[in-house]
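K.L.:
File follows, query_9.cif with mmCIF, C-alpha atoms:
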data_upload
loop_
_atom_site.label_atom_id
_atom_site.label_comp_id
_atom_site.auth_asym_id
_atom_site.auth_seq_id
_atom_site.Cartn_x
_atom_site.Cartn_y
_atom_site.Cartn_z
CA MET A 1 0.00 0.00 0.00
CA SER A 2 1.08 3.58 -0.57
CA ALA A 3 1.67 5.99 2.29
CA LEU A 4 -1.58 7.78 1.45
CA GLU A 5 -3.55 4.55 1.45
CA ASP A 6 -2.02 3.59 4.80
CA LEU A 7 -3.00 6.94 6.27
CA LEU A 8 -6.57 6.70 5.00
CA THR A 9 -6.86 3.22 6.52
CA CYS A 10 -5.47 4.35 9.86
CA LEU A 11 -7.81 7.34 9.95
CA ARG A 12 -10.91 5.17 9.54
CA PHE A 13 -10.39 3.74 13.04
CA PRO A 14 -12.40 5.99 15.43
CA SER A 15 -9.74 5.52 18.11
CA VAL A 16 -11.17 7.97 20.65
CA SER A 17 -9.36 7.14 23.88
CA THR A 18 -11.58 9.09 26.25
CA ASP A 19 -14.83 7.35 25.22
CA SER A 20 -15.33 3.80 26.52
CA LYS A 21 -17.59 2.89 23.63
CA HIS A 22 -14.59 3.27 21.33
CA ARG A 23 -12.33 1.00 23.38
CA SER A 24 -12.45 -1.75 20.76
CA ASP A 25 -11.70 0.79 18.01
CA VAL A 26 -8.60 1.99 19.87
CA ARG A 27 -7.36 -1.59 20.15
CA ALA A 28 -8.16 -2.33 16.51
CA CYS A 29 -6.03 0.63 15.46
CA ALA A 30 -3.16 -0.61 17.64
CA GLU A 31 -3.45 -4.10 16.16
CA TRP A 32 -3.39 -2.68 12.62
CA LEU A 33 -0.24 -0.67 13.39
CA LYS A 34 1.41 -3.74 14.92
CA SER A 35 0.68 -5.73 11.79
CA LYS A 36 2.00 -2.91 9.63
CA LEU A 37 5.30 -2.66 11.52
CA SER A 38 5.73 -6.44 11.65
CA GLY A 39 5.19 -6.60 7.91
CA MET A 40 8.06 -4.14 7.46
CA GLY A 41 10.45 -6.55 9.18
CA LEU A 42 10.42 -5.01 12.64
CA THR A 43 9.73 -6.94 15.82
CA ALA A 44 6.49 -5.51 17.23
CA GLU A 45 4.63 -6.21 20.46
CA LEU A 46 1.53 -4.81 22.12
CA HIS A 47 1.93 -4.22 25.86
CA GLU A 48 -1.21 -4.16 27.97
CA THR A 49 -1.81 -1.32 30.44
CA PRO A 50 -4.73 -0.52 32.76
CA GLY A 51 -5.98 1.57 29.84
CA HIS A 52 -5.13 1.24 26.16
CA PRO A 53 -2.20 -0.79 24.80
CA ILE A 54 1.29 0.54 24.09
CA LEU A 55 2.97 -0.66 20.90
CA VAL A 56 6.75 -1.16 20.91
CA ALA A 57 8.70 -2.15 17.79
CA LYS A 58 12.42 -2.45 17.07
CA ASN A 59 14.87 -3.18 14.30
CA LYS A 60 17.88 -5.43 14.75
CA ARG A 61 20.47 -4.08 17.19
CA LEU A 62 24.03 -3.41 16.07
CA PRO A 63 26.78 -2.23 18.44
CA GLY A 64 28.20 1.24 17.98
CA ARG A 65 25.05 2.75 16.50
CA ARG A 66 23.07 5.59 18.02
CA THR A 67 19.74 4.50 19.53
CA VAL A 68 16.70 6.59 18.62
CA LEU A 69 13.23 6.28 20.15
CA LEU A 70 10.42 7.37 17.82
CA TYR A 71 7.21 8.29 19.65
CA GLY A 72 3.69 8.85 18.34
CA HIS A 73 0.10 8.33 19.46
CA TYR A 74 -2.68 6.57 17.62
CA ASP A 75 -5.58 7.82 19.78
CA VAL A 76 -7.61 10.86 18.77
CA GLN A 77 -9.92 13.46 20.25
CA PRO A 78 -13.73 13.08 20.15
CA ALA A 79 -15.17 14.41 16.91
CA GLU A 80 -18.09 16.37 18.38
CA PRO A 81 -19.78 18.63 17.37
CA LEU A 82 -20.46 16.33 14.43
CA ASN A 83 -22.78 18.78 12.65
CA GLU A 84 -19.89 21.18 12.06
CA TRP A 85 -17.93 18.74 9.91
CA LEU A 86 -18.17 19.30 6.15
CA SER A 87 -17.60 15.56 5.64
CA PRO A 88 -18.01 12.66 8.10
CA ALA A 89 -15.45 12.89 10.87
CA PHE A 90 -14.09 9.35 10.47
CA GLU A 91 -14.37 9.05 6.69
CA PRO A 92 -11.16 10.63 5.38
CA THR A 93 -11.94 13.00 2.52
CA LEU A 94 -9.51 14.65 0.10
CA ARG A 95 -10.22 18.28 -0.74
CA ASP A 96 -7.76 20.73 -2.29
CA GLY A 97 -4.71 18.68 -1.43
CA ARG A 98 -5.68 18.09 2.19
CA ILE A 99 -7.05 15.08 4.05
CA TYR A 100 -9.99 15.96 6.29
CA CYS A 101 -10.63 13.55 9.17
CA ARG A 102 -10.40 13.41 12.95
CA GLY A 103 -6.80 12.54 13.77
CA ALA A 104 -5.44 13.61 10.36
CA THR A 105 -2.90 15.95 11.94
CA ASP A 106 -3.09 14.89 15.58
CA ASN A 107 -1.34 12.51 15.28
CA LYS A 108 -1.99 9.93 12.58
CA GLY A 109 -0.76 11.95 9.59
CA GLN A 110 2.55 12.66 11.27
CA LEU A 111 2.81 9.12 12.66
CA ILE A 112 2.18 7.47 9.27
CA ALA A 113 4.69 9.81 7.62
CA HIS A 114 7.38 8.35 9.88
CA VAL A 115 6.16 4.78 9.42
CA SER A 116 6.22 5.25 5.64
CA GLY A 117 9.70 6.75 5.76
CA LEU A 118 10.90 3.72 7.69
CA ALA A 119 9.16 1.35 5.27
CA GLU A 120 10.90 2.94 2.28
CA THR A 121 14.32 2.77 3.94
CA LEU A 122 13.87 -0.84 5.05
CA SER A 123 12.67 -1.87 1.60
CA ARG A 124 15.61 -0.16 -0.10
CA GLU A 125 18.43 -0.78 2.40
CA GLY A 126 17.26 -3.77 4.41
CA ASP A 127 18.00 -1.92 7.65
CA LEU A 128 18.03 1.52 9.25
CA PRO A 129 21.10 3.66 9.99
CA VAL A 130 20.34 3.64 13.74
CA ASN A 131 19.06 1.27 16.38
CA LEU A 132 15.41 2.28 16.38
CA THR A 133 12.75 1.81 19.03
CA ILE A 134 9.20 2.76 18.09
CA LEU A 135 6.75 3.56 20.89
CA PHE A 136 3.17 4.32 19.88
CA GLU A 137 0.59 4.82 22.65
CA GLY A 138 -3.18 5.12 22.75
CA GLU A 139 -3.71 7.51 25.67
CA GLU A 140 -2.01 10.79 24.75
CA GLU A 141 -5.33 12.59 24.39
CA ILE A 142 -6.22 11.71 27.99
CA GLY A 143 -2.89 12.75 29.49
CA SER A 144 -0.87 9.52 29.00
CA PRO A 145 -1.65 8.21 32.50
CA ASN A 146 0.07 4.86 31.90
CA LEU A 147 3.08 5.95 29.87
CA LYS A 148 5.45 7.07 32.62
CA PRO A 149 4.88 3.89 34.68
CA PHE A 150 5.53 1.92 31.49
CA LEU A 151 8.77 3.81 30.87
CA GLU A 152 9.87 3.13 34.43
CA ALA A 153 9.03 -0.57 34.18
CA HIS A 154 10.86 -0.93 30.84
CA ARG A 155 13.67 1.55 31.44
CA GLU A 156 16.47 -0.70 30.16
CA GLU A 157 14.52 -1.99 27.16
CA LEU A 158 13.67 1.58 26.08
CA ALA A 159 17.07 3.17 26.79
CA CYS A 160 18.01 5.57 24.01
CA ASP A 161 20.22 8.50 23.09
CA VAL A 162 17.43 10.75 21.84
CA VAL A 163 13.66 10.78 21.32
CA ALA A 164 12.03 12.04 18.10
CA ILE A 165 8.41 13.20 18.00
CA SER A 166 6.28 14.77 15.29
CA ASP A 167 3.24 15.98 17.22
CA THR A 168 3.85 19.71 16.96
CA GLY A 169 3.36 22.39 14.33
CA MET A 170 5.07 24.39 11.61
CA VAL A 171 5.00 28.16 11.67
CA GLY A 172 3.98 28.20 8.01
CA GLU A 173 3.82 26.20 4.82
CA GLY A 174 7.24 24.98 3.71
CA ILE A 175 9.01 26.31 6.81
CA GLY A 176 10.83 23.52 8.64
CA THR A 177 10.12 24.02 12.33
CA PHE A 178 12.13 22.74 15.29
CA THR A 179 10.29 23.09 18.59
CA TYR A 180 12.78 23.12 21.45
CA GLY A 181 10.40 24.06 24.28
CA LEU A 182 6.86 23.36 25.44
CA ARG A 183 4.77 24.85 28.19
CA GLY A 184 3.71 22.68 31.10
CA ILE A 185 0.18 22.37 32.42
CA ALA A 186 -1.76 22.19 35.68
CA CYS A 187 -5.55 21.83 35.84
CA MET A 188 -8.22 22.18 38.49
CA GLU A 189 -12.00 22.28 38.83
CA VAL A 190 -13.70 24.44 41.43
CA LYS A 191 -17.25 24.02 42.70
CA VAL A 192 -18.82 26.90 44.60
CA HIS A 193 -21.46 25.61 47.03
CA GLY A 194 -24.11 27.85 48.53
CA PRO A 195 -27.56 26.84 49.84
CA SER A 196 -28.45 23.17 50.10
CA ILE A 197 -31.18 23.54 47.44
CA ASP A 198 -32.01 25.95 44.62
CA LEU A 199 -33.86 28.94 46.09
CA HIS A 200 -36.56 31.31 44.86
CA SER A 201 -34.61 34.44 43.88
CA GLY A 202 -37.42 36.72 44.97
CA ILE A 203 -37.99 35.23 48.39
CA PHE A 204 -34.32 34.70 49.26
CA GLY A 205 -32.48 37.09 46.95
CA GLY A 206 -30.30 39.52 48.91
CA ALA A 207 -30.21 37.29 51.99
CA VAL A 208 -27.90 34.49 50.82
CA ALA A 209 -24.87 34.45 48.56
CA ASN A 210 -25.43 33.47 44.94
CA PRO A 211 -22.83 30.79 43.99
CA VAL A 212 -22.94 31.80 40.31
CA THR A 213 -22.11 35.39 41.19
CA MET A 214 -19.33 34.28 43.51
CA ALA A 215 -17.88 31.98 40.84
CA ALA A 216 -17.86 34.88 38.40
CA ARG A 217 -16.10 37.11 40.94
CA LEU A 218 -13.45 34.49 41.66
CA VAL A 219 -12.79 33.96 37.97
CA ALA A 220 -12.60 37.69 37.33
CA SER A 221 -10.07 38.09 40.14
CA LEU A 222 -7.54 35.77 38.50
CA HIS A 223 -6.14 38.55 36.28
CA ASP A 224 -5.54 42.25 36.53
CA GLU A 225 -7.03 44.57 33.91
CA GLU A 226 -4.02 44.17 31.61
CA GLY A 227 -4.05 40.37 31.66
CA ARG A 228 -1.35 39.55 34.21
CA VAL A 229 -2.15 36.66 36.54
CA ALA A 230 -2.97 38.07 39.99
CA ILE A 231 -2.14 35.00 42.09
CA PRO A 232 0.68 35.96 44.48
CA GLY A 233 3.91 34.10 43.68
CA PHE A 234 2.70 32.93 40.27
CA TYR A 235 5.63 34.46 38.40
CA ASP A 236 8.32 33.53 40.94
CA GLY A 237 11.32 32.00 39.16
CA VAL A 238 9.93 32.45 35.64
CA ARG A 239 12.85 32.68 33.23
CA ASP A 240 13.27 35.67 30.94
CA LEU A 241 13.47 35.01 27.23
CA GLN A 242 16.95 34.99 25.73
CA PRO A 243 17.74 37.94 23.43
CA TRP A 244 18.34 35.57 20.50
CA GLU A 245 14.89 34.08 21.00
CA ARG A 246 13.13 37.43 20.85
CA SER A 247 15.02 38.50 17.72
CA SER A 248 14.58 35.10 16.02
CA TRP A 249 10.86 34.99 16.67
CA ALA A 250 10.44 38.57 15.47
CA GLU A 251 11.80 37.47 12.08
CA LEU A 252 9.01 34.93 11.59
CA GLY A 253 6.57 37.51 10.25
CA ASP A 254 3.53 39.28 11.62
CA GLY A 255 2.36 37.00 14.41
CA ASP A 256 -0.35 39.44 15.47
CA ALA A 257 -2.02 39.39 12.07
CA GLU A 258 -1.69 35.61 11.76
CA THR A 259 -3.31 34.98 15.14
CA LEU A 260 -6.13 37.40 14.46
CA SER A 261 -6.78 35.67 11.14
CA LEU A 262 -6.67 32.16 12.62
CA THR A 263 -8.82 32.91 15.66
CA GLY A 264 -11.30 35.45 14.31
CA SER A 265 -10.78 37.54 17.46
CA PRO A 266 -11.56 41.27 17.13
CA ALA A 267 -8.29 42.24 18.85
CA LEU A 268 -5.39 40.73 20.77
CA PHE A 269 -5.18 40.85 24.55
CA GLY A 270 -2.56 39.71 27.01
CA GLU A 271 0.31 40.39 29.35
CA PRO A 272 1.92 43.74 28.49
CA GLY A 273 5.55 43.93 27.44
CA TYR A 274 5.48 40.80 25.27
CA THR A 275 4.61 40.07 21.68
CA GLU A 276 1.85 37.68 20.72
CA ARG A 277 4.31 34.85 20.07
CA GLU A 278 6.20 35.50 23.29
CA ARG A 279 2.97 35.29 25.27
CA ARG A 280 1.96 32.04 23.63
CA TRP A 281 5.32 30.30 23.61
CA ALA A 282 7.20 31.46 26.69
CA ARG A 283 4.93 33.12 29.25
CA PRO A 284 2.73 31.38 31.84
CA THR A 285 -1.04 31.79 31.75
CA ALA A 286 -4.22 31.08 33.68
CA GLU A 287 -7.25 30.23 31.55
CA VAL A 288 -10.89 29.53 32.33
CA ASN A 289 -11.91 26.47 30.29
CA GLY A 290 -15.50 26.30 31.46
CA ILE A 291 -17.93 27.99 33.81
CA GLY A 292 -21.56 27.31 34.65
CA GLY A 293 -24.36 27.11 37.15
CA GLY A 294 -28.03 27.85 37.46
CA TYR A 295 -30.77 27.55 34.89
CA GLN A 296 -29.58 27.06 31.30
CA GLY A 297 -32.86 26.45 29.48
CA GLU A 298 -35.08 28.66 27.38
CA GLY A 299 -36.69 31.65 29.04
CA SER A 300 -36.46 32.59 32.70
CA LYS A 301 -36.33 30.53 35.85
CA THR A 302 -35.83 32.83 38.80
CA VAL A 303 -33.63 30.77 41.08
CA ILE A 304 -30.49 31.15 43.11
CA ALA A 305 -28.61 27.98 42.17
CA ARG A 306 -27.24 25.86 44.97
CA GLU A 307 -23.86 25.57 43.26
CA ALA A 308 -21.73 26.79 40.37
CA PHE A 309 -18.44 25.61 38.89
CA PHE A 310 -15.46 26.69 36.84
CA LYS A 311 -12.56 24.79 35.30
CA LEU A 312 -9.04 26.22 35.12
CA SER A 313 -5.86 25.32 33.31
CA PHE A 314 -2.49 26.93 33.91
CA ARG A 315 0.11 26.81 31.13
CA LEU A 316 3.52 26.88 32.72
CA VAL A 317 7.09 27.64 31.67
CA PRO A 318 10.47 26.21 32.79
CA ASP A 319 11.13 26.38 36.55
CA GLN A 320 7.43 26.49 37.41
CA ASP A 321 6.36 23.42 39.38
CA PRO A 322 2.75 22.39 38.59
CA ALA A 323 2.05 21.19 42.15
CA ARG A 324 3.24 24.49 43.62
CA ILE A 325 1.14 26.48 41.14
CA LEU A 326 -1.96 24.50 42.14
CA ASP A 327 -1.11 25.11 45.81
CA LEU A 328 -0.85 28.86 45.15
CA ALA A 329 -4.07 28.92 43.13
CA GLU A 330 -6.04 26.99 45.75
CA ALA A 331 -4.80 29.22 48.57
CA TYR A 332 -5.65 32.32 46.55
CA LEU A 333 -9.18 31.17 45.71
CA ARG A 334 -9.95 30.10 49.27
CA ALA A 335 -8.71 33.44 50.59
CA LYS A 336 -10.87 35.31 48.06
CA ALA A 337 -14.05 33.31 48.65
CA PRO A 338 -16.42 34.83 51.26
CA PRO A 339 -17.60 32.69 54.20
CA SER A 340 -21.09 32.64 52.65
CA VAL A 341 -19.98 29.96 50.16
CA ARG A 342 -17.92 26.78 50.37
CA LEU A 343 -15.32 25.80 47.79
CA GLU A 344 -14.73 22.23 46.65
CA ILE A 345 -11.49 22.04 44.65
CA LYS A 346 -10.47 19.04 42.59
CA ARG A 347 -7.02 18.94 41.04
CA GLY A 348 -6.59 17.59 37.54
CA HIS A 349 -3.69 16.41 35.41
CA THR A 350 -0.33 18.15 35.39
CA GLY A 351 2.81 18.17 33.27
CA MET A 352 6.17 19.87 33.49
CA ALA A 353 7.39 22.40 30.93
CA TYR A 354 10.17 21.22 28.63
CA LEU A 355 13.20 23.07 27.28
CA MET A 356 16.31 21.85 25.47
CA ASP A 357 19.30 23.57 23.86
CA PRO A 358 18.56 23.84 20.12
CA HIS A 359 22.25 24.58 19.49
CA SER A 360 23.42 21.23 20.91
CA PRO A 361 24.81 18.58 18.49
CA LEU A 362 21.45 16.78 18.49
CA GLY A 363 19.63 20.06 17.90
CA LYS A 364 21.93 20.88 15.00
CA ALA A 365 21.30 17.43 13.51
CA ALA A 366 17.56 18.06 13.64
CA GLN A 367 18.00 21.39 11.88
CA ARG A 368 20.09 19.82 9.11
CA ALA A 369 17.34 17.24 8.59
CA LEU A 370 14.79 20.03 8.26
CA GLU A 371 17.00 21.88 5.78
CA THR A 372 17.19 18.71 3.66
CA THR A 373 13.44 18.19 3.87
CA PHE A 374 12.51 21.80 3.09
CA PRO A 375 15.36 22.97 0.82
CA GLY A 376 15.79 26.67 0.28
CA GLY A 377 13.43 27.63 3.07
CA LYS A 378 13.96 29.23 6.45
CA ILE A 379 14.27 26.97 9.48
CA ALA A 380 12.31 28.25 12.47
CA LEU A 381 13.42 27.60 16.06
CA ILE A 382 10.43 28.00 18.32
CA ARG A 383 8.79 27.06 21.55
CA GLU A 384 5.12 26.06 21.56
CA GLY A 385 2.36 27.04 23.90
CA GLY A 386 0.84 23.60 24.10
CA SER A 387 1.85 20.84 26.48
CA ILE A 388 3.14 17.32 25.81
CA PRO A 389 3.76 16.02 29.34
CA ILE A 390 5.37 12.82 28.10
CA VAL A 391 8.33 14.81 26.76
CA GLN A 392 9.43 15.59 30.30
CA ALA A 393 8.68 11.98 31.25
CA PHE A 394 11.20 10.83 28.65
CA LYS A 395 13.71 13.25 30.13
CA ASP A 396 13.05 12.16 33.72
CA VAL A 397 13.03 8.40 33.12
CA LEU A 398 15.22 7.80 30.07
CA LYS A 399 17.48 10.85 30.56
CA ALA A 400 17.04 11.67 26.87
CA ASP A 401 16.23 14.94 25.13
CA THR A 402 13.41 15.09 22.62
CA LEU A 403 13.52 16.51 19.11
CA LEU A 404 10.12 17.94 18.21
CA LEU A 405 9.82 18.21 14.44
CA GLY A 406 6.22 19.01 13.56
CA LEU A 407 4.34 18.75 10.29
CA ALA A 408 1.05 20.42 11.31
CA LEU A 409 0.14 23.74 9.69
CA PRO A 410 -1.36 26.57 11.75
CA ASP A 411 -4.79 26.03 10.18
CA CYS A 412 -4.88 22.24 10.65
CA GLN A 413 -7.76 22.62 13.14
CA ALA A 414 -6.54 19.90 15.48
CA HIS A 415 -9.14 19.09 18.19
CA ALA A 416 -11.74 21.02 16.15
CA PRO A 417 -14.20 20.06 13.42
CA ASN A 418 -12.66 19.70 9.95
CA GLU A 419 -9.21 18.71 11.20
CA ASN A 420 -6.95 18.33 8.19
CA PHE A 421 -3.46 17.36 7.00
CA PRO A 422 -1.83 18.29 3.67
CA VAL A 423 -0.80 15.41 1.41
CA ALA A 424 2.35 17.44 0.73
CA ASN A 425 3.24 17.27 4.42
CA LEU A 426 2.76 13.50 4.43
CA GLU A 427 5.34 13.34 1.64
CA ALA A 428 7.60 15.83 3.43
CA GLY A 429 7.34 13.75 6.60
CA ILE A 430 8.64 10.71 4.77
CA ARG A 431 11.68 12.68 3.65
CA LEU A 432 12.09 14.14 7.15
CA ASN A 433 12.15 10.69 8.75
CA GLN A 434 14.87 9.49 6.43
CA ALA A 435 16.98 12.66 6.70
CA LEU A 436 16.67 12.73 10.49
CA LEU A 437 17.86 9.16 10.98
CA ARG A 438 20.80 9.77 8.63
CA GLU A 439 21.81 12.93 10.50
CA LEU A 440 21.44 11.35 13.93
CA ALA A 441 23.51 8.36 12.82
CA ALA A 442 26.31 10.67 11.70
CA CYS A 443 26.42 13.18 14.55
#
Could you express the structure from this file as structure tokens?

P.N.:
Amino acid sequence: MSALEDLLTCLRFPSVSTDSKHRSDVRACAEWLKSKLSGMGLTAELHETPGHPILVAKNKRLPGRRTVLLYGHYDVQPAEPLNEWLSPAFEPTLRDGRIYCRGATDNKGQLIAHVSGLAETLSREGDLPVNLTILFEGEEEIGSPNLKPFLEAHREELACDVVAISDTGMVGEGIGTFTYGLRGIACMEVKVHGPSIDLHSGIFGGAVANPVTMAARLVASLHDEEGRVAIPGFYDGVRDLQPWERSSWAELGDGDAETLSLTGSPALFGEPGYTERERRWARPTAEVNGIGGGYQGEGSKTVIAREAFFKLSFRLVPDQDPARILDLAEAYLRAKAPPSVRLEIKRGHTGMAYLMDPHSPLGKAAQRALETTFPGGKIALIREGGSIPIVQAFKDVLKADTLLLGLALPDCQAHAPNENFPVANLEAGIRLNQALLRELAAC
């Protein structure tokens, strides 16, 4: 099968890891990938976890060669809202040189590009220039809860010199992009409890605290009027950007205009003293991901709701500890809440920020591979605002840096309806895989 046919087949598996009704689909996708890798001449094995299986494959080991671990994930986000898709979410459709399907960019398009690059090299050469370990998991979209324990349990088997991942983005079409840093994450959900039952707002209004109002006040207090996070100690230890970073990112074009175009926002807003890219890639944030309470139906229902809620996520930068940030946030919210309500705070998943030296020998090898893949174009060195907690897990457990070489365009719409992946980037990814392994073998 061609690389495109393989990708279309992989995309047809609705491997939604968060939804139990798709558990068999997740496994079927893993089984298909195992068969694919075995058919290429690699040894491949599915490892069971308390959740979805982890696939590990290897080529034959030769002494003196560099060992590379290639990571990807075969699970995808839910496709809802289904009515916003222009074509069915799990029926890959080609339009204007792009493949539209859930998982096309995140992460099956990038994963299959690497698999296809390996298949071509193995077919032509009979082996790879490095000792390769492939690790594909099925739980990235739910925070990879079983990956770090798996790494710890198989530390010797998975030992490597470097990790390579394509699950990040490009700054623009044809611009090879090396991501050397990621923000970390810390999440929490807060419930604001008031009366024991919903109350008539006329009879009791003005005599008891309204949990919805109090939730809104707490959320509003998280930032000052200019967008800085107001939690005391939040910025302690945050590293300043390096001068070369600021100048390099400024050369990437008009980030303000690009973000306004991509988001449809009427204007930009954020921490003063930083550009749009600097805010997204290298500054910490506090975001409200959901808020609710009270009557949500048509028309009026004059009640004081017994409770309200809001969900928060903090994107963190190097030297910020997620547990400490959650401690600071909880203390701040409890101090701000009046005694007329009770807070119930539930902490969610966390992940450390990641940062490596892009000018190291491994970083230089990655850049040479990008220059080969995208000849004549500018190579961008960036950080990304998103979080991939497993990158720090690889660092902690395997003591290996990760090379993040993305193939997703800014308008790929990952996690949104009409997610898409250019066929040209599938082809570029095949070249990137081959160039990267050659460069890593030689450095």

K.L.:
How far is it from CA of Thr67 in chain A to CA of Met356 in chain A, in Å with one decimal?

P.N.:
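Value for the CA of Thr67 in chain A-CA of Met356 in chain A distance: 18.7 Å.
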
K.L.:
Apply the PyMOL selection byres ((chain A and resi 247) around 12) to the file shown and report the selected residues as a ChimeraX atom specification.

P.N.:
/A:241-246,248-253,275,277-278,380-382

K.L.:
Would you mind telling me which residue in A:Leu69, A:Ala442, A:Ala3, A:Leu355 lies nearest to Tyr180 in chain A when using all atoms listed in the file?

P.N.:
A:Leu355

K.L.:
Taking the file above as input, evaluate the PyMOL selection byres ((chain A and resi 1) around 12) and report the hits as a PyMOL selection string.

P.N.:
chain A and resi 2-9+36+39-40+116+119-120

K.L.:
Check the smallest atom-to-atom distance from each of A:Ile185, A:Val162, A:Leu86, A:Val208 to Pro318 in chain A using only C-alpha atoms, then report the winner.

P.N.:
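With only C-alpha atoms as the atom set, the closest residue is A:Ile185.
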
K.L.:
For CA of Val391 in chain A and CA of His415 in chain A, determine how far apart the two atoms are, in Å to one decimal place.

P.N.:
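Computed distance, CA of Val391 in chain A to CA of His415 in chain A, equals 19.9 Å.
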
K.L.:
Can you translate the PyMOL selection byres ((chain A and resi 113) around 7) into the concrete residues it hits in this file, as a PyMOL selection string?

P.N.:
chain A and resi 109-112+114-117+426-427+429-430

K.L.:
Given the choices A:Leu440, A:Ala416, A:Leu432, A:Ala400, which gets closest to Leu82 in chain A if the distance is worked out from all atoms listed in the file?

P.N.:
A:Ala416

K.L.:
Find the residue from A:Ala164, A:Met170, A:Leu316, A:Ala207 that sits nearest to Arg239 in chain A; use all atoms listed in the file when measuring.

P.N.:
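Counting all atoms listed in the file, the residue closest to Arg239 in chain A is A:Leu316.
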
K.L.:
Using all atoms listed in the file, find the one residue out of A:Ser300, A:Thr263, A:Thr285, A:Thr121 that sits nearest to Ser201 in chain A.

P.N.:
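Ranking A:Ser300, A:Thr263, A:Thr285, A:Thr121 by distance to Ser201 in chain A, first place goes to A:Ser300.
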
K.L.:
Would you compute the distance between CA of Leu343 in chain A and CA of Val192 in chain A? Give it in Å to one decimal.

P.N.:
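Going from CA of Leu343 in chain A over to CA of Val192 in chain A covers 4.9 Å.
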
K.L.:
In terms of the shortest atom-to-atom distance over all atoms listed in the file, which of A:Asp256, A:Glu439, A:Asp106, A:Glu137 is closest to Glu31 in chain A?

P.N.:
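Closest to Glu31 in chain A, using all atoms listed in the file: A:Glu137.
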
K.L.:
Extract, using only C-alpha atoms, all DNA, RNA and protein residues at most 10 Å from Leu436 in chain A, discarding same-chain residues fewer than 6 positions from it, and format them as an mmCIF file with C-alpha atoms, in the coordinates of the input.

P.N.:
data_model
loop_
_atom_site.group_PDB
_atom_site.id
_atom_site.type_symbol
_atom_site.label_atom_id
_atom_site.label_comp_id
_atom_site.auth_asym_id
_atom_site.auth_seq_id
_atom_site.Cartn_x
_atom_site.Cartn_y
_atom_site.Cartn_z
ATOM 1 C CA ALA A 164 12.030 12.040 18.100
ATOM 2 C CA ALA A 365 21.300 17.430 13.510
ATOM 3 C CA ALA A 366 17.560 18.060 13.640
ATOM 4 C CA GLN A 367 18.000 21.390 11.880
ATOM 5 C CA ARG A 368 20.090 19.820 9.110
ATOM 6 C CA ALA A 369 17.340 17.240 8.590
ATOM 7 C CA LEU A 370 14.790 20.030 8.260
ATOM 8 C CA THR A 372 17.190 18.710 3.660
ATOM 9 C CA THR A 373 13.440 18.190 3.870
ATOM 10 C CA LEU A 403 13.520 16.510 19.110
ATOM 11 C CA LEU A 405 9.820 18.210 14.440
ATOM 12 C CA ALA A 442 26.310 10.670 11.700
#

K.L.:
List the neighbours of Phe421 in chain A out to 10 Å using only C-alpha atoms; skip same-chain residues closer than 3 positions along the sequence, and give me the result as a ChimeraX atom specification.

P.N.:
/A:94,97-110,407-409,411-414,418,424-426

K.L.:
Using all atoms listed in the file, which protein or nucleic acid residues come within 9 Å of Lys378 in chain A? Drop anything in the same chain fewer than 3 positions from it, and give the result as a ChimeraX atom specification.

P.N.:
/A:174-177,371,374-375

K.L.:
Skip Lys60 in chain A itself and residues of its chain fewer than 4 positions away, then list as an MDAnalysis selection string all residues within 8 Å of it, counting only C-alpha atoms.

P.N.:
chainID A and resid 42 127 131
